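S.K.: Got final-v6.txt for you, compact mmCIF, C-alpha atoms:
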# COMPACT_ATOMS: atom_id res chain seq x y z
CA MET J 1 97.22 54.91 117.12
CA LYS J 2 98.49 58.37 118.09
CA ARG J 3 96.96 61.62 116.87
CA LEU J 4 97.19 65.30 117.72
CA ARG J 5 94.43 67.04 119.66
CA CYS J 6 93.83 70.73 120.26
CA ARG J 7 93.90 71.49 123.96
CA GLU J 8 91.33 74.27 123.50
CA CYS J 9 88.68 73.04 121.05
CA GLY J 10 89.44 69.29 121.17
CA ARG J 11 89.65 68.86 117.40
CA LEU J 12 91.76 65.89 116.28
CA ARG J 13 94.23 65.92 113.40
CA ASP J 14 96.80 63.61 111.88
CA PHE J 15 100.00 62.82 113.75
CA GLU J 16 102.52 65.06 112.00
CA PRO J 17 104.88 67.99 112.67
CA ALA J 18 102.41 70.66 113.83
CA TYR J 19 101.96 72.66 116.99
CA VAL J 20 99.02 75.06 116.52
CA CYS J 21 95.38 74.22 115.81
CA GLU J 22 94.33 75.46 112.37
CA ASP J 23 90.80 76.16 113.61
CA CYS J 24 91.20 78.04 116.90
CA PHE J 25 95.00 78.54 117.09
CA GLY J 26 95.12 76.63 120.38
CA PRO J 27 98.13 74.49 121.35
CA LEU J 28 98.25 70.88 120.16
CA GLU J 29 99.09 67.84 122.27
CA VAL J 30 99.55 64.14 121.54
CA ALA J 31 96.39 62.04 121.98
CA TYR J 32 96.73 58.34 122.78
CA ASP J 33 94.33 55.43 122.52
CA LEU J 34 94.82 54.37 126.14
CA GLU J 35 92.34 51.52 125.91
CA ALA J 36 94.37 49.96 123.08
CA ILE J 37 97.67 50.61 124.88
CA ARG J 38 96.51 48.95 128.10
CA GLU J 39 95.95 45.75 126.12
CA ARG J 40 99.62 45.70 125.13
CA VAL J 41 101.34 47.11 128.22
CA SER J 42 101.92 45.39 131.55
CA ARG J 43 104.33 45.65 134.45
CA HIS J 44 106.30 42.83 132.86
CA THR J 45 106.65 44.46 129.44
CA ILE J 46 107.81 47.67 131.08
CA ALA J 47 110.26 45.86 133.38
CA ASP J 48 111.71 44.06 130.35
CA GLY J 49 112.39 47.38 128.63
CA PRO J 50 115.58 49.44 128.79
CA ALA J 51 116.57 51.39 131.91
CA SER J 52 115.65 54.66 130.22
CA ILE J 53 112.57 56.65 129.21
CA TRP J 54 112.04 54.21 126.33
CA ARG J 55 110.65 51.56 128.68
CA TYR J 56 107.47 53.67 128.33
CA ARG J 57 107.65 54.03 124.56
CA GLU J 58 104.00 52.98 124.11
CA LEU J 59 103.09 56.22 125.91
CA LEU J 60 105.49 58.38 123.91
CA PRO J 61 105.41 59.67 120.32
CA ALA J 62 108.16 57.19 119.50
CA PRO J 63 108.99 56.13 115.93
CA PRO J 64 109.33 52.45 114.97
CA GLY J 65 112.67 50.78 115.55
CA ASN J 66 115.40 51.51 118.04
CA PRO J 67 115.46 55.14 119.20
CA VAL J 68 118.55 57.32 119.21
CA ASP J 69 119.44 57.31 122.88
CA LEU J 70 121.99 58.65 125.33
CA GLY J 71 120.59 56.68 128.26
CA THR J 72 118.13 59.32 129.43
CA GLY J 73 115.80 58.63 132.30
CA PHE J 74 115.14 55.99 134.96
CA THR J 75 117.16 58.12 137.35
CA PRO J 76 117.35 57.17 141.05
CA LEU J 77 114.54 57.88 143.48
CA VAL J 78 116.42 58.38 146.73
CA GLU J 79 114.75 58.26 150.15
CA ALA J 80 115.64 61.46 152.02
CA LYS J 81 115.32 60.16 155.59
CA ASN J 82 117.03 63.03 157.40
CA LEU J 83 115.16 65.73 155.50
CA GLY J 84 111.93 63.81 155.92
CA GLU J 85 112.47 63.63 159.67
CA ALA J 86 113.12 67.38 159.82
CA LEU J 87 109.90 68.05 157.87
CA GLY J 88 107.80 65.48 159.73
CA LEU J 89 107.36 63.20 156.70
CA ASP J 90 107.64 59.44 157.01
CA HIS J 91 108.30 58.80 153.32
CA LEU J 92 110.15 61.58 151.50
CA TYR J 93 112.03 60.89 148.29
CA VAL J 94 114.22 62.95 145.97
CA LYS J 95 114.25 62.23 142.24
CA ASN J 96 117.86 62.77 141.13
CA ASP J 97 117.59 63.90 137.51
CA THR J 98 121.07 65.36 137.59
CA LEU J 99 122.19 61.88 136.53
CA ASN J 100 120.70 62.34 133.07
CA PRO J 101 123.34 62.46 130.28
CA THR J 102 123.77 66.26 130.29
CA GLY J 103 122.84 66.67 133.95
CA SER J 104 119.38 68.05 133.24
CA PHE J 105 115.76 66.88 133.11
CA LYS J 106 115.64 68.58 129.68
CA ASP J 107 117.22 65.43 128.26
CA ARG J 108 113.83 63.72 128.66
CA ASN J 109 112.13 66.23 126.39
CA VAL J 110 114.92 66.46 123.86
CA ALA J 111 115.27 62.68 123.55
CA VAL J 112 111.66 62.44 122.41
CA ALA J 113 111.87 65.50 120.14
CA THR J 114 115.09 64.26 118.50
CA ASN J 115 113.62 60.91 117.56
CA PHE J 116 110.49 62.56 116.22
CA ALA J 117 112.63 64.95 114.16
CA LEU J 118 114.62 62.07 112.69
CA SER J 119 111.49 60.14 111.75
CA TYR J 120 110.19 63.15 109.79
CA GLY J 121 113.40 63.93 107.96
CA PHE J 122 114.57 67.07 109.72
CA ASP J 123 118.31 67.72 109.40
CA THR J 124 118.61 70.56 111.93
CA LEU J 125 117.82 70.41 115.65
CA SER J 126 117.36 73.79 117.29
CA CYS J 127 116.02 75.64 120.33
CA SER J 128 115.75 78.91 122.16
CA SER J 129 117.48 78.58 125.49
CA THR J 130 119.11 80.16 128.50
CA GLY J 131 121.29 77.18 129.35
CA ASN J 132 120.23 73.60 130.08
CA LEU J 133 118.17 73.07 126.94
CA ALA J 134 121.04 74.30 124.77
CA GLY J 135 123.36 71.61 126.13
CA SER J 136 120.77 68.88 125.74
CA VAL J 137 119.89 69.83 122.15
CA ALA J 138 123.56 70.00 121.21
CA ALA J 139 124.31 66.60 122.77
CA TYR J 140 121.40 64.84 121.11
CA ALA J 141 122.06 66.50 117.77
CA ALA J 142 125.64 65.25 117.92
CA ARG J 143 124.44 61.74 118.76
CA ALA J 144 121.88 61.77 115.95
CA GLY J 145 124.15 63.32 113.33
CA LEU J 146 122.07 66.48 113.02
CA ARG J 147 123.13 70.10 112.78
CA ALA J 148 122.55 71.98 116.04
CA LEU J 149 121.46 75.64 116.17
CA VAL J 150 121.01 77.27 119.55
CA PHE J 151 119.49 80.75 119.93
CA ILE J 152 120.24 82.63 123.16
CA PRO J 153 119.97 86.18 124.55
CA ALA J 154 123.18 88.05 123.74
CA ASP J 155 123.80 88.93 127.39
CA LEU J 156 123.66 85.32 128.61
CA GLU J 157 126.65 84.24 130.69
CA PRO J 158 129.06 82.26 128.44
CA GLY J 159 129.31 79.45 130.99
CA LYS J 160 125.66 78.55 130.47
CA VAL J 161 126.24 77.49 126.88
CA GLY J 162 129.73 76.03 127.29
CA ALA J 163 128.42 72.48 126.99
CA ALA J 164 126.48 73.32 123.82
CA SER J 165 129.63 74.73 122.25
CA ALA J 166 131.61 71.66 123.27
CA TYR J 167 129.11 69.42 121.47
CA GLY J 168 129.56 71.45 118.30
CA ALA J 169 126.40 73.55 118.22
CA THR J 170 126.25 76.85 116.39
CA ILE J 171 125.40 79.50 119.00
CA VAL J 172 123.36 82.45 117.73
CA GLU J 173 123.25 85.46 120.07
CA VAL J 174 120.14 87.61 119.78
CA ASP J 175 119.95 91.18 121.00
CA GLY J 176 116.97 91.20 123.35
CA THR J 177 115.28 89.22 126.09
CA TYR J 178 114.47 85.53 126.14
CA ASP J 179 110.95 86.44 124.97
CA ASP J 180 112.51 88.15 121.95
CA VAL J 181 114.51 85.00 121.23
CA ASN J 182 111.36 82.88 121.40
CA ARG J 183 109.51 85.19 119.01
CA LEU J 184 112.37 85.02 116.55
CA CYS J 185 112.40 81.21 116.72
CA ALA J 186 108.65 81.10 116.08
CA GLU J 187 109.19 83.16 112.91
CA LEU J 188 112.10 80.99 111.82
CA ALA J 189 110.03 77.84 112.31
CA ASP J 190 107.62 79.14 109.67
CA GLN J 191 110.42 79.96 107.21
CA TYR J 192 112.81 77.02 107.53
CA ARG J 193 112.45 73.28 107.93
CA TRP J 194 114.22 73.24 111.27
CA ALA J 195 113.15 71.13 114.23
CA ILE J 196 112.99 73.83 116.89
CA VAL J 197 112.19 71.58 119.81
CA ASN J 198 110.42 74.11 122.05
CA VAL J 199 108.53 75.76 119.19
CA ASN J 200 107.29 73.68 116.24
CA LEU J 201 108.06 70.36 117.96
CA ARG J 202 106.60 71.39 121.31
CA PRO J 203 103.72 68.82 121.37
CA PHE J 204 106.27 66.02 121.07
CA TYR J 205 109.03 67.66 123.10
CA SER J 206 106.71 68.19 126.09
CA GLU J 207 105.80 64.49 126.17
CA GLY J 208 109.23 63.65 127.50
CA SER J 209 108.45 65.36 130.82
CA LYS J 210 105.83 62.85 131.83
CA THR J 211 108.36 60.02 131.96
CA LEU J 212 109.52 61.42 135.30
CA ALA J 213 106.02 60.84 136.68
CA PHE J 214 105.94 57.32 135.22
CA GLU J 215 109.26 56.47 136.83
CA VAL J 216 108.16 57.77 140.23
CA VAL J 217 105.05 55.57 140.12
CA GLU J 218 107.05 52.50 139.13
CA GLN J 219 109.83 53.15 141.64
CA LEU J 220 107.27 53.55 144.46
CA GLY J 221 105.95 50.07 143.75
CA TRP J 222 103.30 51.16 141.24
CA GLN J 223 101.77 53.75 143.54
CA ALA J 224 101.42 57.47 142.99
CA PRO J 225 102.77 59.90 145.59
CA ASP J 226 100.37 62.07 147.55
CA HIS J 227 102.35 65.22 146.80
CA ILE J 228 105.10 66.37 144.48
CA VAL J 229 107.30 69.41 145.12
CA VAL J 230 108.74 70.64 141.85
CA PRO J 231 110.40 73.85 140.62
CA VAL J 232 108.37 75.45 137.85
CA ALA J 233 109.65 77.17 134.74
CA ALA J 234 107.69 76.04 131.68
CA GLY J 235 105.60 73.96 134.09
CA SER J 236 105.24 70.89 131.86
CA ARG J 237 106.24 68.50 134.66
CA ARG J 238 103.41 69.53 136.99
CA ARG J 239 100.46 68.80 134.72
CA PRO J 240 98.02 66.31 136.34
CA ARG J 241 97.58 64.66 132.94
CA ARG J 242 100.95 62.99 133.49
CA PHE J 243 99.55 60.92 136.36
CA ARG J 244 96.03 60.53 134.94
CA SER J 245 97.27 58.77 131.80
CA TRP J 246 99.37 56.46 133.96
CA SER J 247 96.50 55.66 136.33
CA VAL J 248 94.34 54.45 133.43
CA LEU J 249 96.99 51.89 132.58
CA ALA J 250 97.68 51.07 136.21
CA CYS J 251 94.14 49.77 136.63
CA SER J 252 94.77 47.10 134.03
CA MET J 253 98.21 46.29 135.42
CA THR J 254 96.74 45.60 138.85
CA HIS J 255 94.00 43.27 137.63
CA ARG J 256 91.48 46.12 137.37
CA ARG J 257 91.81 47.09 141.03
CA GLU J 258 91.56 50.74 141.99
CA PHE J 259 94.80 52.68 141.58
CA THR J 260 95.22 54.06 145.12
CA PRO J 261 98.11 56.30 146.12
CA PRO J 262 99.87 55.70 149.44
CA ARG J 263 99.46 58.08 152.35
CA ARG J 264 102.00 60.63 153.59
CA ARG J 265 104.44 60.08 150.78
CA ALA J 266 106.11 63.05 149.13
CA VAL J 267 108.57 63.42 146.31
CA ARG J 268 110.87 66.38 145.81
CA ARG J 269 112.44 67.16 142.48
Please go through the file and, once you have read it, give me the structure as structure tokens.
M.R.:
Amino acid sequence: MKRLRCRECGRLRDFEPAYVCEDCFGPLEVAYDLEAIRERVSRHTIADGPASIWRYRELLPAPPGNPVDLGTGFTPLVEAKNLGEALGLDHLYVKNDTLNPTGSFKDRNVAVATNFALSYGFDTLSCSSTGNLAGSVAAYAARAGLRALVFIPADLEPGKVGAASAYGATIVEVDGTYDDVNRLCAELADQYRWAIVNVNLRPFYSEGSKTLAFEVVEQLGWQAPDHIVVPVAAGSRRRPRRFRSWSVLACSMTHRREFTPPRRRAVRR
């Protein structure tokens, strides 16, 4: 059973569209019953799943039935031998997320948010964006049959939202900075029943990021890397929780043996 938990005070609440704790106003995140999940999940059940993020659906806020999907995730983990040699690393890998449907890791987040939005009857998928997220939201909205609304700073280069326009999204230019756009979207989320993925659907949207960590572990032969080098914007991909939740399951999938990472292995993103 999945619930929502406040990251600040720890209070649990029902699994529903919400993103702020009613008691302390802290951010909410999805809480999983990992002990129950480890009884149902194994290497074999994961391997039998689709070659996408949905092979890990037990660890995602996924609705029942087949998800709306564009084939996001399970992107190649490529060994970078020449770069590794130059840096003095024996095992250096690059996770190539440019092979996601819209060329961005944002597809992971939006795939999860879209399916959550559908399961709760939203008819509009939206976001504040400066580029990649706009294209991903527009693509998934088109696939799911939802209206797409994308809010951007008015001075954003047109090329950054060309893909969103091509997928049929309505582009709303806002006079101000990206922070101003975010504040506007937060106000709109309170007034309209819109699924604004990086505002009122953030607890579910952010869950998509961890699938990159899951894939790295699986593609390294069920071992975690010693180090990850990752560019940081929102920072959701660098949270240690992504690997901690996986290591709990890994213990059961290796006959209760300790989940030990390999030595001198690095992954660049």
S.K.: For a quick check of understanding, using only C-alpha atoms, which of J:Arg147, J:His91, J:Arg183, J:Arg5 has the smallest distance to Thr170 (chain J)?
M.R.: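 Using only C-alpha atoms, Thr170 (chain J) sits closest to J:Arg147.
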S.K.: For Cys21 (chain J), which residue out of J:Val112, J:Pro203, J:Cys127, J:Glu39 is the nearest one, using only C-alpha atoms?
M.R.: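 For Cys21 (chain J), the nearest of the candidates is J:Pro203.
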S.K.: Between J:Ala36, J:Leu149, J:Leu220, J:Ala51, single out the one closest to Leu77 (chain J), counting all atoms listed in the file.
M.R.: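 Closest to Leu77 (chain J) of all the choices is J:Leu220.
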S.K.: I'd like the contact shell of Val174 (chain J) - 8 Å cut-off, all atoms listed in the file, skipping same-chain residues fewer than 3 positions apart - returned as a list of chain:residue names.
M.R.: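 Final neighbour list, sorted by chain and number: J:Phe151, J:Ile152, J:Pro153, J:Ala154, J:Asp180, J:Val181.
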S.K.: For CA of Ala148 (chain J) and CA of Phe15 (chain J), quote the distance in Å rounded to one decimal.
M.R.: 24.4 Å
S.K.: Could you check the closest approach to Ile37 (chain J) for each of J:Asp175, J:Glu58, J:Glu85, J:Asp23 and tell me which residue wins, using only C-alpha atoms?
M.R.: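 Smallest separation from Ile37 (chain J) among the options: J:Glu58.
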S.K.: Could you pull the residues within 12 Å of Cys185 (chain J), counting all atoms listed in the file, minus those fewer than 3 positions along the same chain, as JSON, numbers by chain?
M.R.: {"J": [126, 127, 128, 129, 149, 150, 151, 152, 153, 172, 174, 178, 179, 180, 181, 182, 188, 189, 190, 191, 192, 193, 194, 195, 196, 197, 198, 199, 200, 201]}
S.K.: Generate the output file for the selected residues, C-alpha atoms, as a PDB file, in the frame of the given file.
M.R.:
ATOM      1  CA  SER J 126     117.360  73.790 117.290  1.00  0.00           C
ATOM      2  CA  CYS J 127     116.020  75.640 120.330  1.00  0.00           C
ATOM      3  CA  SER J 128     115.750  78.910 122.160  1.00  0.00           C
ATOM      4  CA  SER J 129     117.480  78.580 125.490  1.00  0.00           C
ATOM      5  CA  LEU J 149     121.460  75.640 116.170  1.00  0.00           C
ATOM      6  CA  VAL J 150     121.010  77.270 119.550  1.00  0.00           C
ATOM      7  CA  PHE J 151     119.490  80.750 119.930  1.00  0.00           C
ATOM      8  CA  ILE J 152     120.240  82.630 123.160  1.00  0.00           C
ATOM      9  CA  PRO J 153     119.970  86.180 124.550  1.00  0.00           C
ATOM     10  CA  VAL J 172     123.360  82.450 117.730  1.00  0.00           C
ATOM     11  CA  VAL J 174     120.140  87.610 119.780  1.00  0.00           C
ATOM     12  CA  TYR J 178     114.470  85.530 126.140  1.00  0.00           C
ATOM     13  CA  ASP J 179     110.950  86.440 124.970  1.00  0.00           C
ATOM     14  CA  ASP J 180     112.510  88.150 121.950  1.00  0.00           C
ATOM     15  CA  VAL J 181     114.510  85.000 121.230  1.00  0.00           C
ATOM     16  CA  ASN J 182     111.360  82.880 121.400  1.00  0.00           C
ATOM     17  CA  LEU J 188     112.100  80.990 111.820  1.00  0.00           C
ATOM     18  CA  ALA J 189     110.030  77.840 112.310  1.00  0.00           C
ATOM     19  CA  ASP J 190     107.620  79.140 109.670  1.00  0.00           C
ATOM     20  CA  GLN J 191     110.420  79.960 107.210  1.00  0.00           C
ATOM     21  CA  TYR J 192     112.810  77.020 107.530  1.00  0.00           C
ATOM     22  CA  ARG J 193     112.450  73.280 107.930  1.00  0.00           C
ATOM     23  CA  TRP J 194     114.220  73.240 111.270  1.00  0.00           C
ATOM     24  CA  ALA J 195     113.150  71.130 114.230  1.00  0.00           C
ATOM     25  CA  ILE J 196     112.990  73.830 116.890  1.00  0.00           C
ATOM     26  CA  VAL J 197     112.190  71.580 119.810  1.00  0.00           C
ATOM     27  CA  ASN J 198     110.420  74.110 122.050  1.00  0.00           C
ATOM     28  CA  VAL J 199     108.530  75.760 119.190  1.00  0.00           C
ATOM     29  CA  ASN J 200     107.290  73.680 116.240  1.00  0.00           C
ATOM     30  CA  LEU J 201     108.060  70.360 117.960  1.00  0.00           C
TER      31      LEU J 201
END
S.K.: What is the CA of Arg108 (chain J) to CA of Gly208 (chain J) distance in Å?
M.R.: 4.7 Å
S.K.: I need the residue nearest Asn66 (chain J) from this list: J:Ser165, J:Leu99, J:Asn115, J:Val20. Use all atoms listed in the file for the distance.
M.R.: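 The closest residue to Asn66 (chain J) is J:Asn115.
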S.K.: Give as a list in words each residue that has an atom at most 12 Å from (94.3, 79.8, 116.5) in the file, counting all atoms listed in the file.
M.R.: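 The residues that fall inside the cut-off are Cys6, Arg7, Glu8, Cys9, Arg11, Tyr19, Val20, Cys21, Glu22, Asp23, Cys24, Phe25, Gly26, Pro27 and Leu28 of chain J.
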S.K.: Pick out the closest residue to Asn100 (chain J) from this set: J:Leu125, J:Ala169, J:Leu70, J:Val216. Count all atoms listed in the file.
M.R.: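 Closest residue, counting all atoms listed in the file: J:Leu70.
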